[in-house]
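Novice: Below is the file data36.txt, which contains compact mmCIF, C-alpha atoms.
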# COMPACT_ATOMS: atom_id res chain seq x y z
CA MET W 1 26.37 -4.29 -21.53
CA GLY W 2 28.99 -4.04 -24.22
CA GLU W 3 31.54 -3.77 -21.49
CA LEU W 4 30.92 -7.31 -20.35
CA ILE W 5 34.46 -8.32 -21.26
CA ASN W 6 35.73 -5.91 -18.64
CA PHE W 7 33.73 -7.54 -15.83
CA PRO W 8 35.81 -9.24 -13.24
CA LYS W 9 35.51 -12.77 -14.49
CA ALA W 10 35.12 -14.39 -11.10
CA LEU W 11 32.13 -12.24 -10.16
CA TRP W 12 30.49 -12.85 -13.49
CA ALA W 13 31.03 -16.60 -13.14
CA LEU W 14 29.60 -16.47 -9.61
CA SER W 15 26.53 -14.67 -10.87
CA GLU W 16 26.04 -17.26 -13.62
CA ALA W 17 26.47 -20.07 -11.11
CA ALA W 18 23.92 -18.46 -8.78
CA GLN W 19 21.43 -18.22 -11.66
CA CYS W 20 22.00 -21.89 -12.48
CA VAL W 21 21.47 -22.85 -8.83
CA LEU W 22 18.26 -20.81 -8.61
CA LEU W 23 16.97 -22.31 -11.83
CA GLY W 24 17.86 -25.77 -10.52
CA VAL W 25 16.00 -25.10 -7.26
CA LEU W 26 12.95 -23.82 -9.13
CA ILE W 27 12.87 -26.93 -11.30
CA ALA W 28 13.72 -29.44 -8.56
CA ARG W 29 11.10 -27.97 -6.23
CA LYS W 30 8.58 -27.79 -9.07
CA ALA W 31 8.14 -24.10 -8.29
CA TYR W 32 7.94 -23.36 -12.01
CA ARG W 33 4.34 -24.56 -11.92
CA ASP W 34 3.28 -21.76 -9.61
CA TYR W 35 5.89 -19.27 -10.78
CA PRO W 36 6.29 -19.83 -14.55
CA ALA W 37 7.08 -16.20 -15.40
CA PHE W 38 9.68 -15.95 -12.65
CA THR W 39 11.31 -19.20 -13.78
CA PHE W 40 11.36 -17.91 -17.34
CA TYR W 41 12.87 -14.66 -16.12
CA VAL W 42 15.75 -16.47 -14.41
CA LEU W 43 16.27 -18.53 -17.56
CA ALA W 44 16.19 -15.37 -19.70
CA THR W 45 18.84 -13.63 -17.59
CA LEU W 46 21.00 -16.71 -17.81
CA LEU W 47 20.62 -16.76 -21.60
CA GLN W 48 21.19 -13.01 -21.81
CA ASN W 49 24.59 -13.22 -20.16
CA ALA W 50 25.52 -16.29 -22.16
CA VAL W 51 24.52 -14.71 -25.47
CA VAL W 52 26.36 -11.46 -24.74
CA PHE W 53 29.44 -13.36 -23.61
CA ILE W 54 29.46 -15.63 -26.67
CA VAL W 55 28.79 -12.80 -29.11
CA SER W 56 31.47 -10.57 -27.66
CA SER W 57 34.05 -13.36 -27.22
CA PHE W 58 33.72 -15.62 -30.21
CA PHE W 59 32.28 -13.48 -33.00
CA ASP W 60 34.09 -10.74 -34.79
CA LEU W 61 31.26 -8.22 -34.65
CA SER W 62 31.44 -4.46 -34.64
CA PRO W 63 30.94 -2.70 -31.29
CA PHE W 64 27.66 -1.28 -32.58
CA SER W 65 26.36 -4.78 -33.42
CA ILE W 66 27.32 -6.03 -29.96
CA TRP W 67 25.65 -2.96 -28.44
CA CYS W 68 22.45 -3.67 -30.40
CA ILE W 69 22.40 -7.33 -29.39
CA SER W 70 23.12 -6.50 -25.75
CA TRP W 71 20.38 -3.89 -25.44
CA GLY W 72 17.97 -6.01 -27.48
CA MET W 73 18.47 -8.83 -25.00
CA GLN W 74 18.10 -6.35 -22.15
CA GLY W 75 14.74 -5.21 -23.57
CA PHE W 76 13.58 -8.79 -23.84
CA VAL W 77 14.62 -9.55 -20.25
CA LEU W 78 12.85 -6.42 -19.03
CA CYS W 79 9.60 -7.59 -20.63
CA ILE W 80 9.93 -10.98 -18.92
CA ARG W 81 10.80 -9.17 -15.70
CA ALA W 82 7.56 -7.19 -15.98
CA LEU W 83 5.68 -10.47 -16.30
CA ALA W 84 7.50 -11.86 -13.26
CA VAL W 85 6.59 -8.79 -11.19
CA ALA W 86 2.98 -9.14 -12.35
CA GLU W 87 3.09 -12.77 -11.27
CA VAL W 88 4.33 -11.79 -7.81
CA ALA W 89 1.52 -9.23 -7.62
CA ARG W 90 -0.99 -11.95 -8.48
CA HIS W 91 0.40 -14.12 -5.69
CA PHE W 92 -0.06 -11.16 -3.34
CA LEU W 93 -3.66 -10.33 -4.14
CA GLY W 94 -4.96 -13.00 -6.49
CA HIS W 95 -6.94 -14.72 -3.72
CA PHE W 96 -9.01 -11.60 -3.24
CA ARG W 97 -10.81 -11.34 -6.56
CA GLY W 98 -12.46 -7.96 -6.15
CA ILE W 99 -9.40 -6.24 -4.74
CA TRP W 100 -7.15 -7.85 -7.33
CA ALA W 101 -9.30 -6.53 -10.17
CA LEU W 102 -9.04 -3.03 -8.71
CA ALA W 103 -5.34 -3.39 -7.90
CA ARG W 104 -4.47 -4.48 -11.44
CA ARG W 105 -5.81 -1.23 -12.88
CA ILE W 106 -4.15 0.88 -10.23
CA LEU W 107 -0.80 -0.88 -10.57
CA LEU W 108 -0.83 -0.49 -14.35
CA GLY W 109 -1.75 3.17 -13.99
CA CYS W 110 0.98 3.64 -11.41
CA ALA W 111 3.55 2.01 -13.71
CA ALA W 112 2.48 4.23 -16.63
CA VAL W 113 2.63 7.41 -14.54
CA VAL W 114 6.06 6.56 -13.15
CA MET W 115 7.36 5.74 -16.63
CA LEU W 116 6.05 9.07 -17.87
CA TYR W 117 7.59 10.88 -14.91
CA SER W 118 10.88 9.20 -15.61
CA LEU W 119 10.83 10.15 -19.29
CA VAL W 120 9.80 13.74 -18.60
CA ILE W 121 12.53 14.15 -16.01
CA SER W 122 15.09 12.75 -18.45
CA LYS W 123 14.24 15.17 -21.30
CA HIS W 124 16.79 16.49 -23.79
CA GLN W 125 19.12 13.53 -23.38
CA TRP W 126 18.45 11.54 -26.51
CA ASN W 127 21.94 10.04 -26.45
CA LEU W 128 20.89 8.23 -23.27
CA VAL W 129 17.38 7.32 -24.39
CA ILE W 130 17.78 3.57 -23.88
CA LEU W 131 19.37 4.04 -20.50
CA ASN W 132 16.50 6.33 -19.54
CA ALA W 133 13.83 3.95 -20.75
CA ASP W 134 15.50 1.13 -18.88
CA ARG W 135 15.69 3.22 -15.73
CA GLY W 136 12.06 4.33 -16.14
CA LEU W 137 10.92 0.72 -16.29
CA GLU W 138 12.93 -0.22 -13.22
CA LEU W 139 11.52 2.75 -11.34
CA ALA W 140 8.03 1.66 -12.40
CA PHE W 141 8.71 -1.87 -11.07
CA ALA W 142 9.83 -0.43 -7.73
CA ALA W 143 6.78 1.84 -7.52
CA VAL W 144 4.44 -1.04 -8.39
CA ILE W 145 5.93 -3.20 -5.64
CA VAL W 146 5.59 -0.45 -3.04
CA THR W 147 1.98 0.13 -4.15
CA LEU W 148 1.39 -3.58 -3.76
CA PHE W 149 2.65 -3.51 -0.18
CA LEU W 150 0.51 -0.45 0.50
CA PHE W 151 -2.54 -2.31 -0.82
CA VAL W 152 -1.83 -5.24 1.45
CA ARG W 153 -1.43 -2.95 4.42
CA TYR W 154 -4.51 -0.87 3.67
CA TYR W 155 -6.78 -3.89 3.42
CA GLY W 156 -5.07 -5.69 6.30
CA LEU W 157 -4.36 -8.78 4.24
CA VAL W 158 -1.89 -11.46 5.17
CA VAL W 159 0.38 -12.52 2.34
CA GLU W 160 2.58 -15.58 2.52
CA SER W 161 6.26 -14.87 2.98
CA ARG W 162 7.54 -16.19 -0.36
CA PRO W 163 5.97 -13.56 -2.64
CA ARG W 164 6.99 -10.91 -0.11
CA TRP W 165 10.65 -11.91 -0.29
CA MET W 166 10.47 -12.20 -4.06
CA ALA W 167 9.04 -8.71 -4.22
CA MET W 168 11.80 -7.46 -1.93
CA GLY W 169 14.38 -8.97 -4.28
CA PHE W 170 12.84 -7.21 -7.26
CA PHE W 171 12.43 -3.98 -5.33
CA SER W 172 15.99 -3.80 -4.04
CA TYR W 173 17.41 -4.59 -7.46
CA SER W 174 15.19 -2.03 -9.20
CA CYS W 175 15.97 0.72 -6.69
CA PHE W 176 19.65 0.06 -6.93
CA PHE W 177 19.47 -0.04 -10.71
CA VAL W 178 17.79 3.39 -10.80
CA LEU W 179 20.38 4.90 -8.46
CA ASN W 180 23.23 3.22 -10.31
CA ASN W 181 22.03 4.47 -13.70
CA THR W 182 21.44 7.96 -12.33
CA ILE W 183 24.99 8.12 -11.03
CA LEU W 184 26.28 6.67 -14.30
CA GLU W 185 24.45 9.36 -16.24
CA ARG W 186 26.20 12.06 -14.22
CA TRP W 187 29.70 10.65 -14.13
CA LEU W 188 29.54 8.57 -17.29
CA ASP W 189 33.19 7.91 -18.07
CA ASN W 190 34.61 7.51 -14.61
CA TYR W 191 31.80 5.38 -13.28
CA LEU W 192 31.25 2.87 -16.10
CA SER W 193 33.35 -0.02 -14.78
CA LEU W 194 32.10 0.45 -11.24
CA TRP W 195 28.52 0.63 -12.56
CA ASN W 196 28.87 -2.81 -14.13
CA LEU W 197 30.50 -4.25 -11.05
CA LEU W 198 27.95 -2.90 -8.57
CA GLY W 199 25.07 -3.96 -10.80
CA THR W 200 26.36 -7.52 -10.84
CA TRP W 201 26.82 -7.55 -7.06
CA VAL W 202 23.27 -6.41 -6.41
CA PHE W 203 21.85 -8.85 -8.92
CA LEU W 204 23.85 -11.59 -7.22
CA ALA W 205 22.38 -10.55 -3.85
CA ALA W 206 18.85 -10.71 -5.32
CA LEU W 207 19.58 -14.17 -6.75
CA LEU W 208 20.76 -15.41 -3.37
CA LEU W 209 17.66 -14.00 -1.70
CA TRP W 210 15.39 -15.74 -4.21
CA THR W 211 17.30 -19.01 -3.88
CA TRP W 212 16.95 -18.83 -0.11
CA THR W 213 13.23 -18.09 -0.56
CA PHE W 214 12.69 -21.18 -2.68
CA ARG W 215 15.07 -23.48 -0.76
CA ASN W 216 12.26 -25.43 0.90
CA TYR W 217 9.45 -24.71 -1.51
CA GLN W 218 6.66 -27.23 -1.61
CA PRO W 219 3.70 -26.82 -3.90
CA VAL W 220 0.57 -26.50 -1.82
CA ALA W 221 -3.02 -26.16 -2.77
CA ILE W 222 -3.88 -22.47 -2.74
CA SER W 223 -6.39 -21.68 -0.05
CA VAL W 224 -9.10 -19.70 -1.74
CA HIS W 225 -11.21 -17.52 0.51
CA GLU W 226 -14.91 -18.08 0.31
CA LEU W 227 -16.35 -14.97 -1.26
CA LEU W 228 -19.47 -13.15 -0.22
CA PRO W 229 -22.27 -12.79 -2.75
CA THR W 230 -21.78 -9.74 -4.97
CA GLY W 231 -24.85 -8.02 -3.58
CA VAL W 232 -23.40 -7.79 -0.07
CA TYR W 233 -20.69 -5.38 -1.18
CA HIS W 234 -23.02 -3.33 -3.34
CA ASP W 235 -25.55 -3.06 -0.52
CA LEU W 236 -23.23 -2.48 2.39
CA SER W 237 -20.42 -0.42 0.93
CA PRO W 238 -22.45 2.75 0.25
CA ILE W 239 -23.99 2.55 3.73
CA LEU W 240 -20.61 2.15 5.37
CA ASN W 241 -19.24 5.05 3.36
CA LEU W 242 -22.22 7.14 4.40
CA ARG W 243 -21.54 6.39 8.04
CA LEU W 244 -17.87 7.20 7.63
CA ARG W 245 -18.84 10.44 5.97
CA LEU W 246 -21.19 11.29 8.83
CA LEU W 247 -18.47 10.68 11.38
CA ASN W 248 -16.14 12.79 9.29
CA ASP W 249 -18.78 15.55 9.09
CA ARG W 250 -19.06 15.45 12.83
CA LEU W 251 -15.36 16.07 13.15
CA ILE W 252 -15.54 18.88 10.59
CA GLN W 253 -18.28 20.56 12.58
CA PHE W 254 -16.30 20.03 15.75
CA TRP W 255 -13.37 21.79 14.12
CA HIS W 256 -15.48 24.62 12.78
CA VAL W 257 -17.05 25.23 16.15
CA GLU W 258 -13.60 25.37 17.72
CA ALA W 259 -12.33 27.71 15.05
CA ARG W 260 -15.28 30.07 15.46
CA ARG W 261 -14.71 30.57 19.15
CA PRO W 262 -12.89 33.79 20.04
CA MET B 25 21.37 17.08 -15.15
CA THR B 26 21.19 18.03 -11.47
CA LEU B 27 17.40 18.11 -11.55
CA THR B 28 17.35 14.62 -13.07
CA PHE B 29 19.75 13.36 -10.45
CA TYR B 30 17.75 14.70 -7.52
CA ALA B 31 14.41 13.73 -9.05
CA PHE B 32 15.41 10.08 -9.34
CA VAL B 33 17.25 9.87 -6.06
CA GLY B 34 14.35 11.64 -4.33
CA PHE B 35 11.81 9.27 -5.85
CA VAL B 36 13.77 6.24 -4.69
CA VAL B 37 14.09 7.73 -1.19
CA VAL B 38 10.30 8.25 -1.09
CA LEU B 39 9.73 4.64 -2.15
CA LEU B 40 12.14 3.38 0.51
CA GLY B 41 10.42 5.54 3.11
CA LEU B 42 6.99 4.18 2.18
CA LEU B 43 8.24 0.62 2.31
CA ALA B 44 9.86 1.22 5.70
CA TRP B 45 6.55 2.64 6.96
CA VAL B 46 4.66 -0.43 5.71
CA PHE B 47 7.07 -2.79 7.45
CA LYS B 48 7.26 -0.71 10.60
CA SER B 49 3.53 -0.83 11.21
CA PRO B 50 2.20 -3.93 9.47
CA ALA B 51 -1.56 -4.18 9.41
CA ARG B 52 -3.29 -6.89 11.35
CA ASN B 53 -5.12 -9.54 9.41
CA VAL B 54 -8.68 -8.31 9.27
CA LEU B 55 -10.28 -11.41 7.83
CA PRO B 56 -10.74 -13.34 11.08
CA ASN B 57 -12.71 -10.34 12.32
CA LEU B 58 -15.61 -11.19 10.06
CA ASP B 59 -17.88 -12.67 12.64
CA ALA B 60 -21.38 -11.91 13.71
CA ALA B 61 -20.32 -10.10 16.89
CA ASN B 62 -18.15 -7.64 15.03
CA LEU B 63 -20.71 -6.99 12.38
CA GLU B 64 -23.44 -6.38 14.91
CA ASP B 65 -21.14 -4.29 17.06
CA SER B 66 -20.49 -1.98 14.13
CA GLY B 67 -24.04 -0.72 14.41
CA ARG B 68 -23.31 0.81 17.81
CA SER B 69 -21.58 4.11 18.13
CA HIS B 70 -19.83 6.18 20.74
CA ALA B 71 -21.63 9.09 19.19
CA THR B 72 -24.63 7.93 21.23
CA TYR B 73 -22.87 9.37 24.32
CA LEU B 74 -23.11 12.82 22.85
CA PRO B 75 -26.01 13.95 25.13
CA GLN B 76 -23.91 13.19 28.21
CA LEU B 77 -21.00 15.05 26.70
CA GLN B 78 -23.27 17.95 25.86
CA HIS B 79 -24.40 18.08 29.45
CA ALA B 80 -20.85 17.99 30.72
CA PHE B 81 -19.90 20.82 28.42
CA GLY B 82 -22.92 22.98 28.97
CA THR B 83 -21.78 26.57 29.12
CA GLU B 84 -24.25 27.24 31.93
CA ASP B 85 -21.83 25.87 34.53
CA VAL B 86 -18.99 28.09 33.37
CA GLU B 87 -21.22 31.13 33.01
CA PHE B 88 -22.60 30.55 36.48
CA LEU B 89 -19.12 30.31 37.99
CA VAL B 90 -17.98 33.46 36.20
CA SER B 91 -21.09 35.34 37.33
CA GLN B 92 -20.30 34.29 40.89
CA GLY B 93 -16.82 35.75 40.57
CA ALA B 94 -15.14 32.35 40.54
CA ALA B 95 -13.26 32.88 37.27
CA GLU B 96 -10.33 30.73 38.43
CA ILE B 97 -12.57 27.81 39.18
CA ALA B 98 -14.26 28.29 35.79
CA LEU B 99 -10.87 28.16 34.13
CA ARG B 100 -9.93 25.02 36.08
CA LEU B 101 -13.22 23.45 35.10
CA ARG B 102 -12.48 24.06 31.44
CA LYS B 103 -8.99 22.60 31.81
CA GLU B 104 -10.24 19.52 33.56
CA ARG B 105 -12.80 18.93 30.86
CA SER B 106 -10.17 18.89 28.10
CA PRO B 107 -9.40 15.18 28.61
CA VAL B 108 -13.08 14.47 28.13
CA VAL B 109 -12.92 16.07 24.69
CA LEU B 110 -9.91 13.94 23.88
CA LEU B 111 -11.72 10.82 25.04
CA TYR B 112 -14.72 11.70 22.94
CA LEU B 113 -12.52 12.30 19.91
CA SER B 114 -10.77 9.02 20.54
CA ALA B 115 -14.12 7.26 20.75
CA LEU B 116 -15.22 8.81 17.46
CA ARG B 117 -12.00 7.58 15.93
CA GLY B 118 -12.67 4.11 17.32
CA ASP B 119 -16.07 4.12 15.64
CA PHE B 120 -14.48 5.24 12.42
CA GLN B 121 -11.77 2.57 12.52
CA LYS B 122 -14.28 -0.14 13.26
CA LEU B 123 -16.38 0.82 10.29
CA LEU B 124 -13.32 1.00 8.09
CA ARG B 125 -12.24 -2.48 9.13
CA LEU B 126 -15.66 -3.86 8.37
CA ALA B 127 -15.66 -2.15 4.96
CA ARG B 128 -12.25 -3.59 4.15
CA VAL B 129 -13.27 -7.10 5.16
CA ILE B 130 -16.32 -6.89 2.94
CA ALA B 131 -14.20 -5.55 0.07
CA ALA B 132 -11.59 -8.28 0.55
CA LEU B 133 -14.24 -10.99 0.43
CA SER B 134 -16.22 -9.58 -2.46
CA PRO B 135 -15.89 -10.86 -6.00
CA GLU B 136 -15.98 -7.32 -7.33
CA VAL B 137 -15.44 -3.91 -5.80
CA GLU B 138 -16.19 -0.43 -7.08
CA ALA B 139 -13.23 1.87 -7.48
CA MET B 140 -15.33 4.93 -6.61
CA GLN B 141 -16.44 3.46 -3.31
CA GLU B 142 -12.92 2.44 -2.40
CA PHE B 143 -11.43 5.80 -3.33
CA GLU B 144 -14.10 7.64 -1.41
CA ARG B 145 -13.33 5.53 1.65
CA LEU B 146 -9.62 6.22 1.26
CA ARG B 147 -10.31 9.95 0.96
CA LEU B 148 -12.55 9.92 4.03
CA ASN B 149 -9.90 8.02 5.95
CA VAL B 150 -7.19 10.53 5.10
CA GLU B 151 -9.45 13.50 5.85
CA PHE B 152 -10.54 12.05 9.15
CA ALA B 153 -7.00 11.23 10.21
CA LEU B 154 -5.76 14.74 9.40
CA ARG B 155 -8.63 16.47 11.18
CA TYR B 156 -8.46 14.17 14.15
CA GLU B 157 -4.77 14.80 14.65
CA SER B 158 -5.06 18.57 14.21
CA ILE B 159 -7.92 18.85 16.70
CA ARG B 160 -6.17 16.57 19.18
CA ILE B 161 -2.96 18.59 19.01
CA ALA B 162 -4.87 21.85 19.34
CA VAL B 163 -6.80 20.64 22.39
CA ARG B 164 -3.66 19.20 24.01
CA LEU B 165 -1.73 22.41 23.54
CA GLY B 166 -4.66 24.42 24.78
CA LEU B 167 -4.67 26.37 21.54
CA ALA B 168 -8.29 25.60 20.87
CA PRO B 169 -10.93 26.42 23.48
CA LEU B 170 -13.34 23.68 24.41
CA PRO B 171 -16.21 23.37 21.98
CA GLN B 172 -19.47 25.09 22.51
CA LEU B 173 -21.76 22.21 22.22
CA ARG B 174 -24.71 24.40 21.62
CA HIS B 175 -23.45 24.70 18.05
CA ILE B 176 -22.83 21.00 17.89
CA ASN B 177 -26.37 20.46 19.05
CA GLN B 178 -27.70 22.12 15.92
CA MET B 179 -25.35 20.13 13.76
CA VAL B 180 -26.16 16.86 15.46
CA GLY B 181 -29.84 17.54 15.13
CA ALA B 182 -29.41 17.65 11.38
CA LEU B 183 -27.12 14.69 11.24
CA SER B 184 -28.77 12.38 13.70
CA VAL B 185 -31.80 11.75 11.52
CA ARG B 186 -29.61 10.61 8.64
CA MET B 187 -27.33 8.74 11.00
CA GLU B 188 -30.12 6.81 12.69
CA ALA B 189 -31.60 5.84 9.34
CA ALA B 190 -28.18 4.64 8.22
CA VAL B 191 -27.57 2.75 11.47
CA THR B 192 -30.91 1.02 11.26
CA GLU B 193 -30.31 -0.01 7.69
CA LEU B 194 -26.76 -1.06 8.50
CA GLY B 195 -28.02 -3.15 11.40
CA GLU B 196 -30.34 -5.04 9.11
CA ARG B 197 -27.65 -5.50 6.48
CA ALA B 198 -25.04 -6.45 9.06
CA ALA B 199 -27.33 -9.15 10.40
CA LEU B 200 -27.72 -10.44 6.85
CA ALA B 201 -23.96 -10.36 6.24
CA ALA B 202 -23.29 -12.07 9.58
CA GLU B 203 -25.73 -14.78 8.65
CA LEU B 204 -24.01 -15.21 5.32
CA ALA B 205 -20.58 -15.28 6.93
CA SER B 206 -21.60 -17.89 9.46
CA SER B 207 -23.22 -20.04 6.77
CA LEU B 208 -19.98 -19.81 4.78
CA GLU B 209 -18.06 -20.76 7.89
CA ARG B 210 -20.33 -23.77 8.42
CA ARG B 211 -19.82 -24.78 4.78
CA ARG B 212 -16.04 -24.61 5.25
CA VAL B 213 -16.29 -26.77 8.36
CA ASP B 214 -18.47 -29.26 6.54
CA LEU B 215 -15.93 -29.52 3.73
CA THR B 216 -13.12 -30.32 6.09
Re-express the file's structure as structure tokens.
Specialist:
Amino acid sequence: MGELINFPKALWALSEAAQCVLLGVLIARKAYRDYPAFTFYVLATLLQNAVVFIVSSFFDLSPFSIWCISWGMQGFVLCIRALAVAEVARHFLGHFRGIWALARRILLGCAAVVMLYSLVISKHQWNLVILNADRGLELAFAAVIVTLFLFVRYYGLVVESRPRWMAMGFFSYSCFFVLNNTILERWLDNYLSLWNLLGTWVFLAALLLWTWTFRNYQPVAISVHELLPTGVYHDLSPILNLRLRLLNDRLIQFWHVEARRP
Amino acid sequence: MTLTFYAFVGFVVVLLGLLAWVFKSPARNVLPNLDAANLEDSGRSHATYLPQLQHAFGTEDVEFLVSQGAAEIALRLRKERSPVVLLYLSALRGDFQKLLRLARVIAALSPEVEAMQEFERLRLNVEFALRYESIRIAVRLGLAPLPQLRHINQMVGALSVRMEAAVTELGERAALAAELASSLERRRVDLT
């Protein structure tokens, strides 16, 4: 982050312009009503770059102060990013109240486990603790998005294309970020300038994808599925599970009989 | 350092693989399947053809042929009956998938679901899929001999009582759910 001055200026300006365009599209299309966290996220990234640029260009601050401001802003943006991912998840499954309640707990658990995995794997590198925490969060975002897609597939739900593309944007950026940081960690000195450059390119690609996704956005009334009375699930689900178990038992016995034969 | 590198890269590769799998075989929308016909159909089972299968696989035929010195014909008989086992397995799988679909529809349309029930269903699904594939491969490769259905008879005897009770209850509940679904459908039509 502190190396912002070394960014190729044209690419940085392009990225800023793309963020402005996306923000403009979100506002013009009134998408901020349905996607407030995502809109705030785009605004936050725009502000982050602006603040870092202004601080590093116009103020005579020590490198450590600039480093603190840069990573502080990064932490703030990551929190907003988490909210934006949660918002996408709600657009995926929010119509299905029961599944959404279950999914929320699983997704949070998944994020916590992946964060823990990331921190455990990165042990004994306290000089890179912020980088590791950042990477852990990004890995958690990627895992949450994949889990979300798995949920949709498992329950055979149809999700509108916009949240899917948004999720793909977040996923590709997060995956790339993890790989980029992992490579940076290994070849720290030689890779730093390329790390910044590649990161900006991928973020730019995600911005373009999101802008394309919202290009013809029109707020529509959300079609809410009529839900069954609560009792139907509680009555039927155990019976269905019993039947599944019986069919499974049948297969087990089938297998055991085959195995017993000489 | 190397462990960290491979651990992260490996994790990302796994995520990409899972996502590719999801996109390669997208699930069909199950919600339109919530109609009375499907719900009622779920009460039926291919397992009801088991007596016919038992007859077809009775060891008496093979034993008779062997006793008559027609071992080759006995062997051919066994080989020709292998596809029947595969068909039966496939039918069992069809029953299983149908029930799973129904369970998912009900979960999707319910205001609250129980994690235990859902996890149990997921576990059963994974177990069934693994067993199904292993038996199918074994039968196809001729590694596993055809089942002695005398043993299955004993097993089915124990299971069928529970199964029939479950089917009966499911039939009643399915009729109730179908009624509810159709009344919801009517309400939706009325609103439009």
Novice: Within 6 Å of region 103-113 of chain W, counting only C-alpha atoms, which residues show up once you throw out same-chain ones fewer than 3 positions away? Write them as a CSV table (one decimal) with C-alpha atoms, in the frame of the given file, please.
Specialist:
chain,number,residue,atom,x,y,z
W,99,ILE,CA,-9.4,-6.2,-4.7
W,100,TRP,CA,-7.2,-7.8,-7.3
W,116,LEU,CA,6.0,9.1,-17.9
W,140,ALA,CA,8.0,1.7,-12.4
W,144,VAL,CA,4.4,-1.0,-8.4
Novice: Near Leu22 (chain W), counting all atoms listed in the file, which residues have an atom at most 9 Å away, once you skip same-chain residues fewer than 3 positions from it, shown as a ChimeraX atom specification?
Specialist: /W:17-19,25-27,39,42,207-208,210-212,214-215
Novice: Could you tell me how far CA of Val129 (chain B) sits from CA of Glu160 (chain W), in Å to one decimal place?
Specialist: 18.2 Å
Novice: Closest to chain W among B:Ala162, B:Glu157, B:Arg128, B:Ser114, using only C-alpha atoms?
Specialist: B:Arg128
Novice: Taking only C-alpha atoms into account, which of W:Phe141, W:Tyr217, W:Phe149, W:Tyr173 comes nearest chain B?
Specialist: W:Phe149
Novice: Give the answer as one residue: which of B:Phe152, B:Ser158, B:Phe47, B:Leu40 has the shortest atom-to-atom distance to Leu116 (chain B), using all atoms listed in the file?
Specialist: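 Distance minimum relative to Leu116 (chain B) lands on B:Phe152.
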Novice: Per residue of chain W within 6 Å of chain B, note the shortest atom pair and the distance in Å to one decimal, counting all atoms listed in the file, and order the rows by chain and increasing residue number, as a tab-separated table.
Specialist:
residue	atom	partner	partner_atom	distance
W:Phe96	CA	B:Ala132	CA	5.7
W:Arg97	CA	B:Pro135	CA	5.1
W:Gly98	CA	B:Glu136	CA	3.8
W:Ile121	CA	B:Thr28	CA	5.7
W:Arg153	CA	B:Ala51	CA	5.1
W:Tyr155	CA	B:Arg128	CA	5.5
W:Gly156	CA	B:Ala51	CA	4.9
W:Leu157	CA	B:Asn53	CA	5.3
W:Val158	CA	B:Asn53	CA	5.7
W:Thr182	CA	B:Phe29	CA	6.0
W:Leu227	CA	B:Leu133	CA	4.8
W:Leu228	CA	B:Ser134	CA	5.3
W:Asn248	CA	B:Phe152	CA	5.7
W:Glu258	CA	B:Pro171	CA	5.4
Novice: Just how far from CA of Ala133 (chain W) is CA of Ser65 (chain W), in Å to one decimal?
Specialist: 19.8 Å
Novice: For CA of Arg250 (chain W) and CA of Ser237 (chain W), quote the distance in Å rounded to one decimal.
Specialist: 19.9 Å
Novice: Please determine the residues with any atom at most 12 Å from (19.7, -7.7, -29.2) (coordinates as given in the file, with only C-alpha atoms counting) and report them as a ChimeraX atom specification.
Specialist: /W:1-2,47-49,51-52,55,64-77
Novice: So which residues touch Pro163 (chain W) within 9 Å, counting all atoms listed in the file, skipping near sequence neighbours fewer than 3 positions away, as a list of chain:residue names?
Specialist: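 The residues satisfying every condition are W:Val88, W:Ala89, W:His91, W:Phe92, W:Val159, W:Glu160, W:Met166, W:Ala167, W:Met168, W:Thr213.
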